[in-house]
Amino acid sequence: MLRDITLGQYYQADSVIHRLDPRVKLGSTILFIITLFIFDGVAGYFVAALFLALVINLSKVPFRFMIKGMKAIVFLLLITVVFNLFLTPGEALFTIWKLKITREGIRLAVLLAIRLSFLIIGSSIMTLTTTPNQLTDGLEKMLAPLKRIKVPVHEIAMMMSIALRFIPILMEETDKIMKAQLARCADFESGNIIKRAKGLVPLLVPLFISAFRRANDLAMAMEARCYQGGEHRTKMKPLNYARRDFIAYAVVVCYLVLGVAAGQLETALLAFVGITGGV
Amino acid sequence: MPIILDKVSHIYGQDTNMPVKALNNINLVIPDGQFIGIIGHTGSGKSTLVQHLNGLMKATSGNIYFNGEDIDDNDFDKKKLRSKVGLVFQYPEHQLFETDVFTDVCFGPKNLGLSKKEVELRAYEALKLVGLEDEYFYQSPFDLSGGQKRRAAIAGVLAMKPQVLVLDEPTAGLDPKGRDEILEQIAKLQKETGITVILVSHSMDDVARYVERIIVMNRGCVMYDDVPRAVFRHCVELERIGLAAPQVTYIMKDLQAHGYDVGDDVTTIDEAKAQIKDYFARLAAAKKGNR
């Protein structure tokens, strides 16, 4: 039931993408997301799609896993598309009742749908191929310069990794408690919204108690091993760039250049067609 | 109400790249009124198996029949099944949520749609059955000791008056006294009400003392399914899969190896005591005869 959520889940496999330094993946993902909002022509998104296809292919993660993550945002996607479709002012193509669909509306809706789905797929590739620990390690190292202005980077990264680590544990716990209450004939599925909300009490109370208990245990265990964050902490697996990481950076830069160039070319072409068409 | 498992298999993560076969072609018949022990090392599929018995998990393939009806049929009432097959999970005290013990125990029967009077009567009976004193009834379940919490949680399942009671490691994490008390009460309950009890455990000594039939699980398969005496005769094989016979069985085997004429298929301390007494009686008789 709860295990269907893939967003933010790791998929075990041995691929080039999995072995990349988390910093490369983090940086590239952020860059990729930015490019999605810069591009506004067909050519740019074509390049982005090609780039995504290449990475998915290299990552050895089955495509349906990424689609699974999309399910969570289908609703959001639909709302965005519908609103943009009907509420963008401009040249009306056809009208249904009081709603009119405009040329600009269609353009914007399609664009946003592509942007959002690429965004989700792009970031799921990162989370599917990077363990939470690697991710926070990468983040810590990337943000290290902020330490100079007294930002507790290590502590933030530690909190993040603990939070991420607890997600599967709490999911498992939820599953267990849910089953235990189901065994006592609890009903989570029928009735109106108030009845259902009340039905969640037998699930939520034990879940909170167990979360606090686990947090407490973890704090004790860290204390018992004299955990101290920040200064002079060394890592068991320090992050070091390898050759493949530089190649990956190069590929990403290539993608950026290609995407921008394709966009420029498209506008130039459109302008040319516009001029000649006008004449 | 007998339960029949016909070629039941369960695979975890079937659509991932690492499917795990937790149950592999299980065939079992669980008749009425038996006291059964399921043993197996960690990850052998015991917990998965018992969750199939009340329909919490669905078999990947195979059928489960409760009282002659297939529990995966669309028109089968799962809620009714769960009230008939009570399942007490590992560390059941983690499921307590109400403000006091009594209300928590009422949760199960209340879900069955019984009248308030009947619900309270059943809760009271169940709490008495597990031997919890009246003074704890209106305390917060979180203020009780570990053993008492465990009893309260078991009562929560018993209050539904199940005909089959499944307990998944009911004594994990309890001290020896708490463990013995809980097992004694379960055995007493089984004797008095004649319900079927399935005890999942990896403590051979616990299982051997109470149950009349042992099912040994190994890697998702049923390895042995027999009376304790017959199962523990395979103590070498049991050791190979990370289990062992009860300690007293080893003592008796050692005694025999040292030339004492005692039986080697002893599984409980009481039997051992009888055997050793018998040996000395025979010895004395033989001495008298010589004289």
# chains A, B, ... in the order shown; residues from 1 in each chain; ligands from 1
call {"tool": "interface_residues", "arguments": {"of": "chain B", "to": "chain A", "cutoff": "6 Å", "atoms": "only C-alpha atoms", "output": "VMD selection string"}}
result
chain B and resid 79 82 95 97 108 111
call {"tool": "select_by_dssp", "arguments": {"residues": "range 33-266 of chain A", "states": "strand (DSSP E)", "output": "list in words"}}
result
Ala92, Leu93, Phe94, Thr95, Ile96, Leu99, Lys100, Ile101 and Thr102 of chain A
call {"tool": "write_last_selection", "arguments": {"atoms": "N, CA and C atoms", "output": "tab-separated table (two decimals), in the first residue's frame"}}
result
chain	number	residue	atom	x	y	z
A	92	ALA	N	-8.47	33.44	-29.17
A	92	ALA	CA	-9.32	32.29	-28.89
A	92	ALA	C	-9.39	31.36	-30.10
A	93	LEU	N	-9.20	30.07	-29.84
A	93	LEU	CA	-9.32	29.09	-30.92
A	93	LEU	C	-10.74	28.57	-31.00
A	94	PHE	N	-11.24	28.08	-29.88
A	94	PHE	CA	-12.66	27.73	-29.83
A	94	PHE	C	-13.17	27.90	-28.39
A	95	THR	N	-14.48	28.01	-28.27
A	95	THR	CA	-15.07	28.31	-26.96
A	95	THR	C	-16.05	27.21	-26.59
A	96	ILE	N	-15.95	26.74	-25.32
A	96	ILE	CA	-16.94	25.81	-24.80
A	96	ILE	C	-17.65	26.55	-23.67
A	99	LEU	N	-15.91	29.10	-21.33
A	99	LEU	CA	-14.47	28.91	-21.33
A	99	LEU	C	-13.94	28.96	-22.74
A	100	LYS	N	-12.88	29.70	-22.91
A	100	LYS	CA	-12.31	29.66	-24.26
A	100	LYS	C	-10.87	29.16	-24.20
A	101	ILE	N	-10.55	28.39	-25.20
A	101	ILE	CA	-9.21	27.85	-25.29
A	101	ILE	C	-8.43	28.71	-26.27
A	102	THR	N	-7.29	29.20	-25.81
A	102	THR	CA	-6.52	30.10	-26.67
A	102	THR	C	-5.28	29.39	-27.18
call {"tool": "atom_distance", "arguments": {"atom1": "CA of Val236 in chain B", "atom2": "CA of Tyr250 in chain B"}}
result
11.0 Å
call {"tool": "residues_around", "arguments": {"residues": "range 149-160 of chain A", "least_positions_apart": "4", "cutoff": "10 Å", "atoms": "only C-alpha atoms", "output": "NGL selection string"}}
result
:A and (132-133 or 135-145 or 164-166 or 228-231 or 233)
call {"tool": "select_by_dssp", "arguments": {"residues": "range 8-151 of chain A", "states": "alpha helix (DSSP H)", "output": "ChimeraX atom specification"}}
result
/A:16-19,22-38,42-59,63-71,74-87,103-129,132-143
call {"tool": "atom_distance", "arguments": {"atom1": "CA of Lys68 in chain A", "atom2": "CA of Thr131 in chain A"}}
result
18.5 Å
call {"tool": "residues_around", "arguments": {"residues": "Lys149 in chain B", "least_positions_apart": "6", "cutoff": "8 Å", "atoms": "only C-alpha atoms", "output": "ChimeraX atom specification"}}
result
/B:93,141-142
call {"tool": "decode", "arguments": {"residues": "range 132-146 of chain B", "atoms": "all heavy atoms", "output": "PDB file, in the first residue's frame"}}
result
ATOM      1  N   LEU B 132      -4.397  -9.971  33.904  1.00  0.00           N
ATOM      2  CA  LEU B 132      -4.072  -8.596  34.271  1.00  0.00           C
ATOM      3  C   LEU B 132      -5.008  -8.179  35.408  1.00  0.00           C
ATOM      4  O   LEU B 132      -6.209  -8.391  35.336  1.00  0.00           O
ATOM      5  CB  LEU B 132      -4.264  -7.682  33.057  1.00  0.00           C
ATOM      6  CG  LEU B 132      -3.347  -6.477  32.966  1.00  0.00           C
ATOM      7  CD1 LEU B 132      -1.900  -6.918  32.868  1.00  0.00           C
ATOM      8  CD2 LEU B 132      -3.703  -5.644  31.746  1.00  0.00           C
ATOM      9  N   GLU B 133      -4.430  -7.603  36.451  1.00  0.00           N
ATOM     10  CA  GLU B 133      -5.233  -7.246  37.630  1.00  0.00           C
ATOM     11  C   GLU B 133      -6.144  -6.050  37.333  1.00  0.00           C
ATOM     12  O   GLU B 133      -5.804  -5.193  36.520  1.00  0.00           O
ATOM     13  CB  GLU B 133      -4.303  -6.884  38.794  1.00  0.00           C
ATOM     14  CG  GLU B 133      -3.298  -7.960  39.154  1.00  0.00           C
ATOM     15  CD  GLU B 133      -3.970  -9.231  39.674  1.00  0.00           C
ATOM     16  OE1 GLU B 133      -5.052  -9.126  40.282  1.00  0.00           O
ATOM     17  OE2 GLU B 133      -3.416 -10.322  39.453  1.00  0.00           O
ATOM     18  N   ASP B 134      -7.264  -6.006  38.068  1.00  0.00           N
ATOM     19  CA  ASP B 134      -8.247  -4.932  37.881  1.00  0.00           C
ATOM     20  C   ASP B 134      -7.636  -3.543  38.024  1.00  0.00           C
ATOM     21  O   ASP B 134      -8.056  -2.604  37.365  1.00  0.00           O
ATOM     22  CB  ASP B 134      -9.375  -5.045  38.924  1.00  0.00           C
ATOM     23  CG  ASP B 134     -10.218  -6.280  38.684  1.00  0.00           C
ATOM     24  OD1 ASP B 134      -9.646  -7.263  38.181  1.00  0.00           O
ATOM     25  OD2 ASP B 134     -11.413  -6.254  38.988  1.00  0.00           O
ATOM     26  N   GLU B 135      -6.669  -3.414  38.895  1.00  0.00           N
ATOM     27  CA  GLU B 135      -6.132  -2.083  39.187  1.00  0.00           C
ATOM     28  C   GLU B 135      -5.481  -1.436  37.964  1.00  0.00           C
ATOM     29  O   GLU B 135      -5.333  -0.230  37.914  1.00  0.00           O
ATOM     30  CB  GLU B 135      -5.114  -2.178  40.325  1.00  0.00           C
ATOM     31  CG  GLU B 135      -3.969  -3.113  39.974  1.00  0.00           C
ATOM     32  CD  GLU B 135      -3.074  -3.436  41.169  1.00  0.00           C
ATOM     33  OE1 GLU B 135      -2.226  -2.610  41.491  1.00  0.00           O
ATOM     34  OE2 GLU B 135      -3.283  -4.517  41.748  1.00  0.00           O
ATOM     35  N   TYR B 136      -5.125  -2.237  36.958  1.00  0.00           N
ATOM     36  CA  TYR B 136      -4.468  -1.666  35.775  1.00  0.00           C
ATOM     37  C   TYR B 136      -5.463  -1.255  34.695  1.00  0.00           C
ATOM     38  O   TYR B 136      -5.103  -0.607  33.734  1.00  0.00           O
ATOM     39  CB  TYR B 136      -3.487  -2.663  35.164  1.00  0.00           C
ATOM     40  CG  TYR B 136      -2.384  -3.078  36.104  1.00  0.00           C
ATOM     41  CD1 TYR B 136      -2.251  -4.395  36.497  1.00  0.00           C
ATOM     42  CD2 TYR B 136      -1.482  -2.131  36.583  1.00  0.00           C
ATOM     43  CE1 TYR B 136      -1.254  -4.779  37.373  1.00  0.00           C
ATOM     44  CE2 TYR B 136      -0.483  -2.512  37.454  1.00  0.00           C
ATOM     45  CZ  TYR B 136      -0.376  -3.839  37.850  1.00  0.00           C
ATOM     46  OH  TYR B 136       0.607  -4.197  38.694  1.00  0.00           O
ATOM     47  N   PHE B 137      -6.722  -1.684  34.851  1.00  0.00           N
ATOM     48  CA  PHE B 137      -7.682  -1.508  33.753  1.00  0.00           C
ATOM     49  C   PHE B 137      -7.815  -0.069  33.297  1.00  0.00           C
ATOM     50  O   PHE B 137      -7.984   0.207  32.127  1.00  0.00           O
ATOM     51  CB  PHE B 137      -9.074  -2.019  34.165  1.00  0.00           C
ATOM     52  CG  PHE B 137      -9.189  -3.513  34.158  1.00  0.00           C
ATOM     53  CD1 PHE B 137      -8.059  -4.316  34.110  1.00  0.00           C
ATOM     54  CD2 PHE B 137     -10.429  -4.117  34.199  1.00  0.00           C
ATOM     55  CE1 PHE B 137      -8.164  -5.693  34.118  1.00  0.00           C
ATOM     56  CE2 PHE B 137     -10.550  -5.499  34.195  1.00  0.00           C
ATOM     57  CZ  PHE B 137      -9.412  -6.281  34.177  1.00  0.00           C
ATOM     58  N   TYR B 138      -7.802   0.858  34.243  1.00  0.00           N
ATOM     59  CA  TYR B 138      -8.045   2.246  33.852  1.00  0.00           C
ATOM     60  C   TYR B 138      -6.784   3.096  33.888  1.00  0.00           C
ATOM     61  O   TYR B 138      -6.838   4.305  33.964  1.00  0.00           O
ATOM     62  CB  TYR B 138      -9.189   2.836  34.683  1.00  0.00           C
ATOM     63  CG  TYR B 138     -10.454   2.100  34.356  1.00  0.00           C
ATOM     64  CD1 TYR B 138     -10.942   1.115  35.198  1.00  0.00           C
ATOM     65  CD2 TYR B 138     -11.107   2.335  33.149  1.00  0.00           C
ATOM     66  CE1 TYR B 138     -12.067   0.380  34.846  1.00  0.00           C
ATOM     67  CE2 TYR B 138     -12.230   1.607  32.786  1.00  0.00           C
ATOM     68  CZ  TYR B 138     -12.704   0.639  33.632  1.00  0.00           C
ATOM     69  OH  TYR B 138     -13.812  -0.097  33.272  1.00  0.00           O
ATOM     70  N   GLN B 139      -5.651   2.431  33.814  1.00  0.00           N
ATOM     71  CA  GLN B 139      -4.391   3.173  33.701  1.00  0.00           C
ATOM     72  C   GLN B 139      -4.053   3.347  32.227  1.00  0.00           C
ATOM     73  O   GLN B 139      -4.537   2.617  31.382  1.00  0.00           O
ATOM     74  CB  GLN B 139      -3.267   2.385  34.374  1.00  0.00           C
ATOM     75  CG  GLN B 139      -3.256   2.525  35.860  1.00  0.00           C
ATOM     76  CD  GLN B 139      -2.000   1.934  36.460  1.00  0.00           C
ATOM     77  OE1 GLN B 139      -0.990   1.779  35.779  1.00  0.00           O
ATOM     78  NE2 GLN B 139      -2.073   1.593  37.723  1.00  0.00           N
ATOM     79  N   SER B 140      -3.195   4.329  31.969  1.00  0.00           N
ATOM     80  CA  SER B 140      -2.737   4.485  30.590  1.00  0.00           C
ATOM     81  C   SER B 140      -1.881   3.276  30.232  1.00  0.00           C
ATOM     82  O   SER B 140      -1.047   2.849  31.035  1.00  0.00           O
ATOM     83  CB  SER B 140      -1.898   5.754  30.459  1.00  0.00           C
ATOM     84  OG  SER B 140      -1.152   5.687  29.273  1.00  0.00           O
ATOM     85  N   PRO B 141      -2.073   2.699  29.033  1.00  0.00           N
ATOM     86  CA  PRO B 141      -1.256   1.521  28.680  1.00  0.00           C
ATOM     87  C   PRO B 141       0.237   1.831  28.670  1.00  0.00           C
ATOM     88  O   PRO B 141       1.062   0.930  28.818  1.00  0.00           O
ATOM     89  CB  PRO B 141      -1.765   1.144  27.286  1.00  0.00           C
ATOM     90  CG  PRO B 141      -2.577   2.283  26.810  1.00  0.00           C
ATOM     91  CD  PRO B 141      -3.057   3.020  28.006  1.00  0.00           C
ATOM     92  N   PHE B 142       0.572   3.104  28.537  1.00  0.00           N
ATOM     93  CA  PHE B 142       1.995   3.449  28.438  1.00  0.00           C
ATOM     94  C   PHE B 142       2.670   3.506  29.804  1.00  0.00           C
ATOM     95  O   PHE B 142       3.875   3.618  29.892  1.00  0.00           O
ATOM     96  CB  PHE B 142       2.156   4.768  27.689  1.00  0.00           C
ATOM     97  CG  PHE B 142       1.467   4.741  26.365  1.00  0.00           C
ATOM     98  CD1 PHE B 142       0.309   5.448  26.148  1.00  0.00           C
ATOM     99  CD2 PHE B 142       1.958   3.924  25.348  1.00  0.00           C
ATOM    100  CE1 PHE B 142      -0.352   5.379  24.934  1.00  0.00           C
ATOM    101  CE2 PHE B 142       1.297   3.844  24.133  1.00  0.00           C
ATOM    102  CZ  PHE B 142       0.142   4.573  23.924  1.00  0.00           C
ATOM    103  N   ASP B 143       1.849   3.437  30.874  1.00  0.00           N
ATOM    104  CA  ASP B 143       2.432   3.443  32.212  1.00  0.00           C
ATOM    105  C   ASP B 143       2.717   2.040  32.726  1.00  0.00           C
ATOM    106  O   ASP B 143       3.308   1.871  33.786  1.00  0.00           O
ATOM    107  CB  ASP B 143       1.475   4.135  33.197  1.00  0.00           C
ATOM    108  CG  ASP B 143       1.379   5.622  32.910  1.00  0.00           C
ATOM    109  OD1 ASP B 143       2.283   6.129  32.227  1.00  0.00           O
ATOM    110  OD2 ASP B 143       0.403   6.255  33.359  1.00  0.00           O
ATOM    111  N   LEU B 144       2.291   1.029  31.976  1.00  0.00           N
ATOM    112  CA  LEU B 144       2.479  -0.338  32.457  1.00  0.00           C
ATOM    113  C   LEU B 144       3.898  -0.820  32.186  1.00  0.00           C
ATOM    114  O   LEU B 144       4.639  -0.222  31.409  1.00  0.00           O
ATOM    115  CB  LEU B 144       1.494  -1.282  31.746  1.00  0.00           C
ATOM    116  CG  LEU B 144       0.008  -0.967  31.837  1.00  0.00           C
ATOM    117  CD1 LEU B 144      -0.784  -2.053  31.142  1.00  0.00           C
ATOM    118  CD2 LEU B 144      -0.430  -0.831  33.281  1.00  0.00           C
ATOM    119  N   SER B 145       4.252  -1.941  32.840  1.00  0.00           N
ATOM    120  CA  SER B 145       5.566  -2.533  32.564  1.00  0.00           C
ATOM    121  C   SER B 145       5.491  -3.288  31.238  1.00  0.00           C
ATOM    122  O   SER B 145       4.414  -3.512  30.703  1.00  0.00           O
ATOM    123  CB  SER B 145       5.927  -3.490  33.691  1.00  0.00           C
ATOM    124  OG  SER B 145       5.187  -4.683  33.561  1.00  0.00           O
ATOM    125  N   GLY B 146       6.658  -3.705  30.734  1.00  0.00           N
ATOM    126  CA  GLY B 146       6.706  -4.391  29.438  1.00  0.00           C
ATOM    127  C   GLY B 146       5.804  -5.610  29.377  1.00  0.00           C
ATOM    128  O   GLY B 146       5.032  -5.778  28.447  1.00  0.00           O
TER     129      GLY B 146
END
